[in-house]
Amino acid sequence: MRKVVLITGASSGVGLALCRRLLEEDHELHLCLACRNMSKAEAVRTALLASHPTAEVSTVQVDVSSLPSVFQASKELKQRFQRFDYVYLNAGIMPNPQLNIKALFCGLFSRKAIHIFSTAEGVLTQSEKITADGLQEVFATNVFGHFILIRELESLLCYSDSPSQLIWTSSRNAVKSNFNLEDIQHSKGQEPYSSSKYAIDLLSVALNRNFNQRGLYSSVACPGTVLTNLTYGIMPPFVWMLIMPIIWLFRFFANAFTLTPYNGTEALVWLFHQKPESLDPLVKYLSATTGFGSNYVTSKKIDLDEDTAEKFYQNLLELEKDIRDTIQKSKNQNWLSDSC
């Protein structure tokens, strides 16, 4: 039987490169592209089928920042599929990135230069907005929308006789100090992207604690420093021109500079071939590239404690309950209004 893979954010960047590479690994997969923009998704589907005619490729529209969209997509998926072998939770945003140029160039000549370039720690902030559901946009897109998607698809994921895998796209920018358990949506901070990626690391650990016995396993992977539309928006074009020679030089001293989406998917593809039971749930798997362009996978212990991960998971469950209660009350009010 064909393995079935669901990928969010599959129409560009790392998600698109992942689709291509997975079909190179197994040309008889069924890929389901979960995308916000359906015209892009259909164009990608056509291109993938042209290069891999024996594959099956389908699409579903979902905006993970919108809970009604997630609920509708989940309903469609449950009607069309009996199970998912892999779910790549890849969609993400970094809205309105603001770079502290002074901090960047000061860091360039410090001992932390490679670390700063690899993680953007301390030099990158974002401003965001509130979604129609009343959630912080980055948290809703990168974390909570995916969490609800998993919850809705539990019946297609939990098979003890044949494990399913959740594979999250995390980041080296997932910094513990930017996450606060009392403010999980990062409404009071200026680094919501970093907070959301650390939240993904926490959630993955908690999911393993709660679902491994039911045949569902979760892993986090980091694509490294990849140049996509997401990252190109961080700095003006002339700044990229100035620092690109430095970045190429840094590749000989640090493995984080994967640079291309193809290279960035190395860990994501590696996880596709692993038995999930053999993976360490407290480890993040990192795509890495040598100075001469050879790809490989390395790993790093996640900087967290399991109690915090479980508390975060319970906070998400409470938020989910509140939102479902609000939706139900709204439906009841609408029903009463129609009846009157």
# chains A, B, ... in the order shown; residues from 1 in each chain; ligands from 1
$ closest_atom_pairs --of "stretch 25-73 of chain A" --to "stretch 130-136 of chain A" --cutoff "9 Å" --atoms "only C-alpha atoms" --output "JSON lines"
{"residue": "A:Ser65", "atom": "CA", "partner": "A:Thr131", "partner_atom": "CA", "distance": 7.3}
{"residue": "A:Ser66", "atom": "CA", "partner": "A:Asp133", "partner_atom": "CA", "distance": 7.0}
{"residue": "A:Leu67", "atom": "CA", "partner": "A:Asp133", "partner_atom": "CA", "distance": 7.1}
{"residue": "A:Pro68", "atom": "CA", "partner": "A:Asp133", "partner_atom": "CA", "distance": 8.8}
$ write_last_selection --atoms "C-alpha atoms" --output "short mmCIF file (atom, residue, chain, number, x, y, z; two decimals), in the first residue's frame"
data_model
loop_
_atom_site.label_atom_id
_atom_site.label_comp_id
_atom_site.auth_asym_id
_atom_site.auth_seq_id
_atom_site.Cartn_x
_atom_site.Cartn_y
_atom_site.Cartn_z
CA SER A 65 -3.75 30.58 11.23
CA SER A 66 -7.54 30.24 10.87
CA LEU A 67 -9.31 27.69 13.06
CA PRO A 68 -12.43 27.47 10.83
#
$ residues_around --residues "stretch 287-300 of chain A" --least-positions-apart "2" --cutoff "9 Å" --atoms "only C-alpha atoms" --output "MDAnalysis selection string"
chainID A and resid 221:224 248:259 263:268 270 282:285 302:303
$ atom_distance --atom1 "atom CA of A:Glu24" --atom2 "atom CA of A:His52"
8.3 Å
$ select_by_dssp --residues "stretch 86-292 of chain A" --states "helix (DSSP H, G or I)" --output "count of residues only"
93
$ atom_distance --atom1 "atom CA of A:Ala17" --atom2 "atom CA of A:Val143"
21.6 Å
$ closest_residue --among "A:Phe139, A:Phe211, A:Tyr217, A:Trp240" --to "A:Glu191" --atoms "only C-alpha atoms"
A:Phe139
$ closest_residue --among "A:Gly145, A:Gly13, A:Gly189, A:Pro53" --to "A:Ser69" --atoms "only C-alpha atoms"
A:Gly145
$ select_by_dssp --residues "stretch 221-260 of chain A" --states "strand (DSSP E or B)" --output "JSON, numbers by chain"
{"A": [221, 222, 226, 259]}
$ closest_residue --among "A:Val5, A:Leu207, A:Leu242, A:Val138" --to "A:Phe81" --atoms "only C-alpha atoms"
A:Val5
$ atom_distance --atom1 "atom CA of A:Thr308" --atom2 "atom CA of A:Tyr88"
23.9 Å
$ residues_around --residues "A:Phe144" --least-positions-apart "5" --cutoff "12 Å" --atoms "only C-alpha atoms" --output "JSON, numbers by chain"
{"A": [63, 64, 65, 66, 67, 70, 89, 91, 92, 131, 133, 135, 136, 137, 138, 139, 149, 150, 151, 184, 185, 196, 197, 199, 200, 203, 312, 313, 315, 316, 317, 318, 319, 320, 323]}
$ write_last_selection --atoms "C-alpha atoms" --output "short mmCIF file (atom, residue, chain, number, x, y, z; two decimals), in the first residue's frame"
data_model
loop_
_atom_site.label_atom_id
_atom_site.label_comp_id
_atom_site.auth_asym_id
_atom_site.auth_seq_id
_atom_site.Cartn_x
_atom_site.Cartn_y
_atom_site.Cartn_z
CA ASP A 63 -4.82 28.29 6.45
CA VAL A 64 -3.38 27.09 9.77
CA SER A 65 -3.75 30.58 11.23
CA SER A 66 -7.54 30.24 10.87
CA LEU A 67 -9.31 27.69 13.06
CA VAL A 70 -8.34 23.96 10.01
CA LEU A 89 4.00 20.30 10.20
CA ALA A 91 3.88 25.88 7.51
CA GLY A 92 5.08 28.95 9.37
CA THR A 131 -6.23 36.75 14.13
CA ASP A 133 -10.01 33.89 16.34
CA LEU A 135 -5.02 34.64 18.86
CA GLN A 136 -1.55 36.03 18.27
CA GLU A 137 -0.83 35.44 14.57
CA VAL A 138 2.56 33.72 14.87
CA PHE A 139 1.42 31.43 17.69
CA LEU A 149 -5.04 19.79 13.10
CA ILE A 150 -3.38 16.93 15.00
CA ARG A 151 -6.24 16.77 17.48
CA ILE A 184 2.46 31.10 25.65
CA GLN A 185 1.28 33.28 22.76
CA SER A 196 6.75 29.72 18.68
CA LYS A 197 9.61 27.49 17.58
CA ALA A 199 6.89 26.00 21.82
CA ILE A 200 7.04 23.46 18.99
CA LEU A 203 4.86 20.30 22.21
CA PHE A 312 2.46 23.69 28.02
CA TYR A 313 0.50 20.79 26.54
CA ASN A 315 -2.33 24.91 28.52
CA LEU A 316 -3.00 24.13 24.87
CA LEU A 317 -5.76 21.70 25.83
CA GLU A 318 -7.36 24.36 28.02
CA LEU A 319 -7.14 26.93 25.22
CA GLU A 320 -8.65 24.41 22.82
CA ILE A 323 -12.25 28.03 21.87
#
$ residues_around --residues "A:Glu56" --least-positions-apart "6" --cutoff "8 Å" --atoms "only C-alpha atoms" --output "number ranges by chain"
A: 28-31, 49
$ closest_residue --among "A:Ile234, A:Leu77, A:Thr54, A:Asp307" --to "A:Arg209" --atoms "only C-alpha atoms"
A:Asp307
$ residues_around --residues "A:Gln165" --least-positions-apart "6" --cutoff "10 Å" --atoms "only C-alpha atoms" --output "number ranges by chain"
A: 5, 84-88, 157-158, 215-219, 271-272, 274-277
